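> My questions will all concern the structure given below.
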Amino acid sequence: MTLEIAEGKSPILAIYSAEHRRLMEMLHPAGHQEYSEMLASLGVFLEEEILPISPKLDTGEVKIAGPRKKLMHQGICQIPFPREYGGLGLPFSVYASAIEMLGTADASICLSVEIHNAVAEGLNRFASVNQKGKYLPSLLSGKSLASFTLTEPASGSDAGSMATVAEKKGGEYSLNGSKMFITNAGEADLYLVFAKTRRGPSCFIVEAPNRGLTFGEDLKKLGMKGSRTSEVILSDCRVPEENLVGEEGKGADYAKEILHGARIIVAAMNVGIAQIAYEKSLGYSQDRKAFGKPIAEFQLIREKIANMKTEISAGRLLYLYASKIKEAGGDFASEASQAKVFATEMSLRVCDEAIQIHGGYGYTTDELHRHWRDARLLTIGEGTSEVLRMLIARREMARSQ
Amino acid sequence: MSVRLWAFSESEAAANDVAAVSSVLTSSAGGSYTVVGVDEAGAGLAGEDKIVLRGTEPLAGSPEATAEALARAAMDANPDVILVGSTRNGKEIAARVAVKLGLPCVSDIFGVSLSEGKLRGKRNIFAGKLIAEVAAPLPCVATVKLGVLSALPATPAKAVVRAAGDVKSKTRVAERREKQKGTVDLRAAKLIVSAGRGVKKKDDLAMIYDLATSLGGAVGCSRPLSSDMGWLPEEHHIGLTGVSVHPDLYLAVGISGQLQHVAGIKDSKIIAAVNSDRIAPIFEASDYGVVGDLYAVLPAIMKEIKARHH
Amino acid sequence: MKVAVCVKHAIDETELKIDSSGSPQLRGAASKMSTFDKNAVEEALRLKSVHTGEVAIFTVGTPEAKKTMKEALAMGADRGVLITADPMSMETSRTAELLAAALKNGGPYDLILCSEGSSDVYSGLVPPMLGEKLGLPYVGYVRKIEATGQTARLERALEDSIEVIEARFPLVASVVSEINEPRYPTLIQIMQAGKKPLQEVTPEALVPGLSPSPSLVTGMKAQAMARKKVVFEGAPDETAKKLLDALASEGVLPR
């Protein structure tokens, strides 16, 4: 059986909630009205166009390309980027909020979009003016799709040990190696590939199609099934030398910087996933009857509801906190890591509790347990919880010495 | 209070409905009603008095010209209430006449009565979630919801012709295409089997048709199947912006029960539903519901029906 | 081509809550642009893109209505005029009167569009009243509009027929929701909507010396939906049987 979403109207409350609106007001005393109008409007789009097809993205009945294109046309990729390249130039916390909402509507599209935006962020921070002018506008408008290509079969957290190499040959680089667990692989028009030159890890723009670029089969993932993830094989993959981003040997630093910001975004996404699992649980507990009354009347269920609610609020506050530090130009690496560790692990607790509340239906309904399946990736991807805890602790040790 | 009421309709379909409402109003409140029609068609209408409006050109099909003719006739006779059948053209005629005569106007009313110098009635609002009570001081214009009361039988009688004179229209009808009538008019159907988004493919509608045939009923649908996917012509679309039905049995298959759809089935005697979602809103709106996959339940129902016939 | 669109800011009927005594909770209820007004705005924008020109939005509304005006501006309309009054407090003909007076602003308009009816009360009376008050041709329930110079060809949908009407501009028309699929404003359009001109005008300024014309509504209450709400769960063979038994006992199955 499936839990259908009612025709045209989701059973959950508005995706841009009153609480979120209140938070935006606190964070942006001056501009919140404008931001809230925009987010509310985006919320309506997500409720009407993305949320209803979300279960079908999980089963494969609907392919991601169409809805993602519609969504990017709305401008979600423009929010934090400079106007001169077609961005909206809005605060990072507004972008993070939009990602939370997208996470609620569909986690797979959200993952695909935030990976794409991570590449845009990388170009925005580290690319030359020429490169930005050449690539950013079509990335921000959604005309082209990007893929962040760092992880390898044998190196994830330990990116410095990457085996993919880039050899200078005349006016070109030849890239050789393989990358693994790459989101948007096979679909993207632009790959931000990290490969080692003699000076160390470096960052390259690889446009597709490219004769030296091939892709593995779409990996069978536990969740996030709507998005495409696979191996990327670089075999004498030639790119002109002007496709080097920044300086040779600085690639690891660039990747680190990009990932700090991406961690806030992942935290936001998982708060969004927790949110929809929670909303469904709240509704179900009020409908489902046992022993003559809705299970929502029982204390142990109420405890779960209270915990889920509190944890989601905490997660939201953490990613917005990290966002505000980033907006102010401060060092937000620890806060971003805290937000990601907490929000991703929290989302698993909430989604697991949602399965419990739904009882047998929770275990047997794809549409419900997929929230846990979707959330499960993110204690691993974009910095494992273990590695990020090391970062947080290291910073604390340094501070206290 | 004794009222003089005009019961107008521009089409035969609406005429008897309006006459029925008028009859109810005047028998309880006292007074009389006059049936008003246009061109030749007015002749066979039910009612005590009859007026047929005629212009130099046919009025039927031109709500603008009809409204002008009706207003001119009303200016002489000063009826207390002008009732119009609530069709699309009827609402336009009523609105225009109200403006021409400077009278209050309400539309789509039912459960009408007269008291304390006002015409009172009920209207569905907020997609049928609420009922509004309205009261228009006399004299007034109102359009009445069709299909609420049983129509009065037509009684042939002599009609008085009111010449409307030269009535012009600012628009011209270049073409008129009668819609291909389906085999059944859903508004008259006593049993309807209706399909919603739970039906995955157009070909699967065959199951719905089979069930409807075995029950001797008609086929309807919710909006997505007609307007969005074009699986069924618009005439089958039941809902707020589609057709309102009042069968003895309405069976909703794979329909979630969104407000816009329920608004069109509220007057059904019995509503039944088949839906795989336990918490689909349709179960709140039905008398009997089956939670299950329609692809399994419908064949089971068909099997059961066959068994009962033997 | 200059197009004016009359819209309404309405309580969202899908979000409207009823309390335990059956009374609707209107105060503080969620509100939105009336559902089918979006189709009217979309049609205006389509005509603007084909014929170049301007789209102006008019509404009778409380300050909350600015949200709807901004939404229309975000979709692509050029400016808006808000007549500050609560449309639910007045008779329908007064709404039409105020709109007619406001339409002198920035006119003359080639086309004045409305929806087939507002999503809250769905009276469908304002558009023909507007045509009558302005002395302009009026065509209702339009599902297709073609404009060639000064002539319009409009396809209208009646219960049993489709009519193709020819008329000369300027004219008033109401459109049905089947006419188009309204666009979503992009985020950038939403951000920029606030910069487009939005004028506010009082009824007294439009039509001095107006006498009161209160709404004819005397009360509102929830529909009593006294359905049995019996639900059968289990294997299809069992539930099919139970359903047919129940329907037979209700007497609604054919013999």
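In the structure tokens, chains take letters A, B, ... by order of appearance, with residues numbered from 1 within each chain and ligands from 1 in the order shown.
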Using only C-alpha atoms, I'd like every residue of chain A that has an atom within 6 Å of chain C; please write them out as a list in words.
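Selected residues: Met38, Gln74 and Gly75 of chain A.
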> Please produce a file of the residues just selected, as an mmCIF file, in the first residue's frame, where the atoms kept are C-alpha atoms.

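As a result, again-v4.cif now contains:
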```cif
data_model
loop_
_atom_site.group_PDB
_atom_site.id
_atom_site.type_symbol
_atom_site.label_atom_id
_atom_site.label_comp_id
_atom_site.auth_asym_id
_atom_site.auth_seq_id
_atom_site.Cartn_x
_atom_site.Cartn_y
_atom_site.Cartn_z
ATOM 1 C CA MET A 38 10.149 34.919 -1.701
ATOM 2 C CA GLN A 74 12.432 29.168 -10.491
ATOM 3 C CA GLY A 75 15.831 30.420 -9.409
#
```
> Within 12 Å of chain A, which residues belong to chain B? Use only C-alpha atoms and report them as a PyMOL selection string.
chain B and resi 196-198+200+222-225+228+254-261+275-284+291-296
> Put those residues in a file: N, CA and C atoms, as an mmCIF file, in the first residue's frame.

```cif
data_model
loop_
_atom_site.group_PDB
_atom_site.id
_atom_site.type_symbol
_atom_site.label_atom_id
_atom_site.label_comp_id
_atom_site.auth_asym_id
_atom_site.auth_seq_id
_atom_site.Cartn_x
_atom_site.Cartn_y
_atom_site.Cartn_z
ATOM 1 N N GLY B 196 -10.420 8.649 -10.354
ATOM 2 C CA GLY B 196 -9.482 9.715 -10.005
ATOM 3 C C GLY B 196 -8.065 9.305 -10.326
ATOM 4 N N ARG B 197 -7.116 10.035 -9.751
ATOM 5 C CA ARG B 197 -5.711 9.831 -10.068
ATOM 6 C C ARG B 197 -5.179 8.471 -9.654
ATOM 7 N N GLY B 198 -5.926 7.758 -8.823
ATOM 8 C CA GLY B 198 -5.493 6.417 -8.442
ATOM 9 C C GLY B 198 -5.453 5.487 -9.637
ATOM 10 N N LYS B 200 -4.006 4.457 -12.904
ATOM 11 C CA LYS B 200 -2.670 4.791 -13.383
ATOM 12 C C LYS B 200 -2.595 5.076 -14.874
ATOM 13 N N SER B 222 -12.685 12.896 -11.608
ATOM 14 C CA SER B 222 -12.241 14.118 -10.951
ATOM 15 C C SER B 222 -11.461 14.936 -11.980
ATOM 16 N N ARG B 223 -11.202 16.174 -11.631
ATOM 17 C CA ARG B 223 -10.656 17.120 -12.595
ATOM 18 C C ARG B 223 -9.383 16.706 -13.321
ATOM 19 N N PRO B 224 -8.392 16.119 -12.610
ATOM 20 C CA PRO B 224 -7.139 15.801 -13.312
ATOM 21 C C PRO B 224 -7.353 14.906 -14.530
ATOM 22 N N LEU B 225 -8.305 13.981 -14.455
ATOM 23 C CA LEU B 225 -8.470 13.035 -15.557
ATOM 24 C C LEU B 225 -9.060 13.702 -16.798
ATOM 25 N N ASP B 228 -6.569 17.926 -16.971
ATOM 26 C CA ASP B 228 -5.118 17.832 -17.100
ATOM 27 C C ASP B 228 -4.701 16.758 -18.100
ATOM 28 N N GLY B 254 -10.305 5.592 -6.487
ATOM 29 C CA GLY B 254 -8.987 6.202 -6.635
ATOM 30 C C GLY B 254 -9.058 7.725 -6.632
ATOM 31 N N ILE B 255 -10.052 8.259 -5.929
ATOM 32 C CA ILE B 255 -10.192 9.714 -5.806
ATOM 33 C C ILE B 255 -9.868 10.081 -4.364
ATOM 34 N N SER B 256 -8.979 11.025 -4.178
ATOM 35 C CA SER B 256 -8.548 11.311 -2.809
ATOM 36 C C SER B 256 -9.580 12.099 -2.015
ATOM 37 N N GLY B 257 -10.432 12.845 -2.684
ATOM 38 C CA GLY B 257 -11.476 13.540 -1.958
ATOM 39 C C GLY B 257 -11.164 14.990 -1.649
ATOM 40 N N GLN B 258 -10.414 15.611 -2.556
ATOM 41 C CA GLN B 258 -10.125 17.034 -2.389
ATOM 42 C C GLN B 258 -11.420 17.838 -2.408
ATOM 43 N N LEU B 259 -11.399 18.945 -1.694
ATOM 44 C CA LEU B 259 -12.578 19.809 -1.525
ATOM 45 C C LEU B 259 -13.268 20.149 -2.840
ATOM 46 N N GLN B 260 -12.472 20.475 -3.853
ATOM 47 C CA GLN B 260 -13.043 20.903 -5.125
ATOM 48 C C GLN B 260 -13.881 19.808 -5.758
ATOM 49 N N HIS B 261 -13.523 18.564 -5.481
ATOM 50 C CA HIS B 261 -14.295 17.459 -6.047
ATOM 51 C C HIS B 261 -15.531 17.184 -5.202
ATOM 52 N N ASN B 275 -10.085 3.514 -1.997
ATOM 53 C CA ASN B 275 -8.824 4.253 -2.044
ATOM 54 C C ASN B 275 -7.778 3.503 -1.233
ATOM 55 N N SER B 276 -6.539 3.514 -1.701
ATOM 56 C CA SER B 276 -5.511 2.752 -0.989
ATOM 57 C C SER B 276 -4.949 3.513 0.207
ATOM 58 N N ASP B 277 -5.263 4.803 0.305
ATOM 59 C CA ASP B 277 -4.726 5.611 1.384
ATOM 60 C C ASP B 277 -5.723 5.710 2.528
ATOM 61 N N ARG B 278 -5.385 5.145 3.661
ATOM 62 C CA ARG B 278 -6.259 5.163 4.839
ATOM 63 C C ARG B 278 -6.698 6.557 5.219
ATOM 64 N N ILE B 279 -5.806 7.521 5.027
ATOM 65 C CA ILE B 279 -6.156 8.862 5.505
ATOM 66 C C ILE B 279 -6.568 9.798 4.377
ATOM 67 N N ALA B 280 -6.984 9.225 3.252
ATOM 68 C CA ALA B 280 -7.482 10.078 2.168
ATOM 69 C C ALA B 280 -8.752 10.788 2.630
ATOM 70 N N PRO B 281 -8.880 12.070 2.334
ATOM 71 C CA PRO B 281 -10.050 12.839 2.774
ATOM 72 C C PRO B 281 -11.386 12.271 2.288
ATOM 73 N N ILE B 282 -11.384 11.461 1.226
ATOM 74 C CA ILE B 282 -12.651 10.955 0.693
ATOM 75 C C ILE B 282 -13.403 10.133 1.731
ATOM 76 N N PHE B 283 -12.658 9.476 2.623
ATOM 77 C CA PHE B 283 -13.330 8.646 3.623
ATOM 78 C C PHE B 283 -14.112 9.490 4.634
ATOM 79 N N GLU B 284 -13.674 10.742 4.818
ATOM 80 C CA GLU B 284 -14.430 11.650 5.680
ATOM 81 C C GLU B 284 -15.715 12.107 4.997
ATOM 82 N N VAL B 291 -10.668 0.513 2.069
ATOM 83 C CA VAL B 291 -9.249 0.828 1.977
ATOM 84 C C VAL B 291 -8.576 -0.315 1.241
ATOM 85 N N GLY B 292 -8.046 -0.021 0.089
ATOM 86 C CA GLY B 292 -7.398 -1.084 -0.666
ATOM 87 C C GLY B 292 -6.983 -0.595 -2.035
ATOM 88 N N ASP B 293 -6.207 -1.428 -2.697
ATOM 89 C CA ASP B 293 -5.742 -1.099 -4.040
ATOM 90 C C ASP B 293 -6.893 -1.325 -5.020
ATOM 91 N N LEU B 294 -7.269 -0.285 -5.728
ATOM 92 C CA LEU B 294 -8.425 -0.410 -6.617
ATOM 93 C C LEU B 294 -8.225 -1.508 -7.666
ATOM 94 N N TYR B 295 -6.966 -1.766 -7.996
ATOM 95 C CA TYR B 295 -6.687 -2.799 -8.998
ATOM 96 C C TYR B 295 -6.997 -4.199 -8.483
ATOM 97 N N ALA B 296 -7.115 -4.329 -7.162
ATOM 98 C CA ALA B 296 -7.526 -5.610 -6.568
ATOM 99 C C ALA B 296 -8.991 -5.554 -6.157
#
```
> Please provide the set of residues having any atom within 10 Å of Gly226 of chain A, restricted to only C-alpha atoms, with same-chain residues fewer than 3 positions apart removed, written as a list in words.
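The residues that qualify are Ser54, Pro55, Lys56, Leu57, Asp58, Thr59, Gly60, Glu61, Val62, Lys63, Ile64, Ala65, Asp106, Ala107, Ser108, Ile109, Cys110, Leu111, Ser112, Lys221, Gly223, Thr229 and Asp374 of chain A.
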> Take the residues just selected and output them with C-alpha atoms as an mmCIF file, in the first residue's frame.

```
data_model
loop_
_atom_site.group_PDB
_atom_site.id
_atom_site.type_symbol
_atom_site.label_atom_id
_atom_site.label_comp_id
_atom_site.auth_asym_id
_atom_site.auth_seq_id
_atom_site.Cartn_x
_atom_site.Cartn_y
_atom_site.Cartn_z
ATOM 1 C CA SER A 54 8.390 13.001 -4.630
ATOM 2 C CA PRO A 55 7.276 9.394 -4.021
ATOM 3 C CA LYS A 56 7.508 8.747 -7.766
ATOM 4 C CA LEU A 57 11.077 9.979 -7.863
ATOM 5 C CA ASP A 58 11.902 7.375 -5.221
ATOM 6 C CA THR A 59 10.291 4.548 -7.186
ATOM 7 C CA GLY A 60 11.719 5.712 -10.498
ATOM 8 C CA GLU A 61 8.316 6.323 -12.043
ATOM 9 C CA VAL A 62 9.335 9.959 -12.588
ATOM 10 C CA LYS A 63 12.846 10.954 -13.657
ATOM 11 C CA ILE A 64 14.648 13.771 -11.902
ATOM 12 C CA ALA A 65 15.640 15.831 -14.956
ATOM 13 C CA ASP A 106 12.088 15.991 -2.104
ATOM 14 C CA ALA A 107 15.444 14.918 -0.727
ATOM 15 C CA SER A 108 16.812 13.524 -4.014
ATOM 16 C CA ILE A 109 16.295 16.735 -5.982
ATOM 17 C CA CYS A 110 17.661 18.622 -2.999
ATOM 18 C CA LEU A 111 20.861 16.587 -3.002
ATOM 19 C CA SER A 112 21.285 17.030 -6.746
ATOM 20 C CA LYS A 221 21.565 3.356 -3.191
ATOM 21 C CA GLY A 223 17.925 6.145 -0.401
ATOM 22 C CA THR A 229 25.061 8.619 -8.433
ATOM 23 C CA ASP A 374 17.201 9.452 2.271
#
```
> Using only C-alpha atoms and a cut-off of 7 Å, which residues of chain B sit close to chain C? Please list them as a ChimeraX atom specification.
/B:88,91-92,95-96,99,107,125-127,129-136,170-179,215,227,248-249,259,283-292,296-297,300-301,304
> Run DSSP on the backbone and grab whatever in segment 103-231 of chain C lands in alpha helix (DSSP H); send it over as a list in words.
Val126, Pro127, Pro128, Met129, Leu130, Gly131, Glu132, Lys133, Leu134, Leu187, Ile188, Gln189, Ile190, Met191, Gln192, Ala193, Pro203, Glu204, Ala205 and Leu206 of chain C
> Atoms to include: C-alpha atoms. Write the selected residues as an mmCIF file, in the first residue's frame.

```
data_model
loop_
_atom_site.group_PDB
_atom_site.id
_atom_site.type_symbol
_atom_site.label_atom_id
_atom_site.label_comp_id
_atom_site.auth_asym_id
_atom_site.auth_seq_id
_atom_site.Cartn_x
_atom_site.Cartn_y
_atom_site.Cartn_z
ATOM 1 C CA VAL C 126 -19.038 41.064 -11.118
ATOM 2 C CA PRO C 127 -17.789 40.538 -14.697
ATOM 3 C CA PRO C 128 -21.182 40.997 -16.432
ATOM 4 C CA MET C 129 -22.026 43.858 -14.057
ATOM 5 C CA LEU C 130 -18.741 45.472 -15.039
ATOM 6 C CA GLY C 131 -19.574 45.121 -18.732
ATOM 7 C CA GLU C 132 -22.991 46.612 -18.149
ATOM 8 C CA LYS C 133 -21.706 49.524 -16.040
ATOM 9 C CA LEU C 134 -18.936 50.357 -18.493
ATOM 10 C CA LEU C 187 12.385 34.109 -7.325
ATOM 11 C CA ILE C 188 13.933 37.063 -9.122
ATOM 12 C CA GLN C 189 10.514 38.253 -10.246
ATOM 13 C CA ILE C 190 9.214 38.009 -6.691
ATOM 14 C CA MET C 191 12.121 40.082 -5.432
ATOM 15 C CA GLN C 192 11.481 42.729 -8.062
ATOM 16 C CA ALA C 193 7.709 42.874 -7.662
ATOM 17 C CA PRO C 203 -13.791 54.310 -2.416
ATOM 18 C CA GLU C 204 -14.683 57.877 -1.401
ATOM 19 C CA ALA C 205 -11.943 59.277 -3.611
ATOM 20 C CA LEU C 206 -13.203 57.215 -6.544
#
```
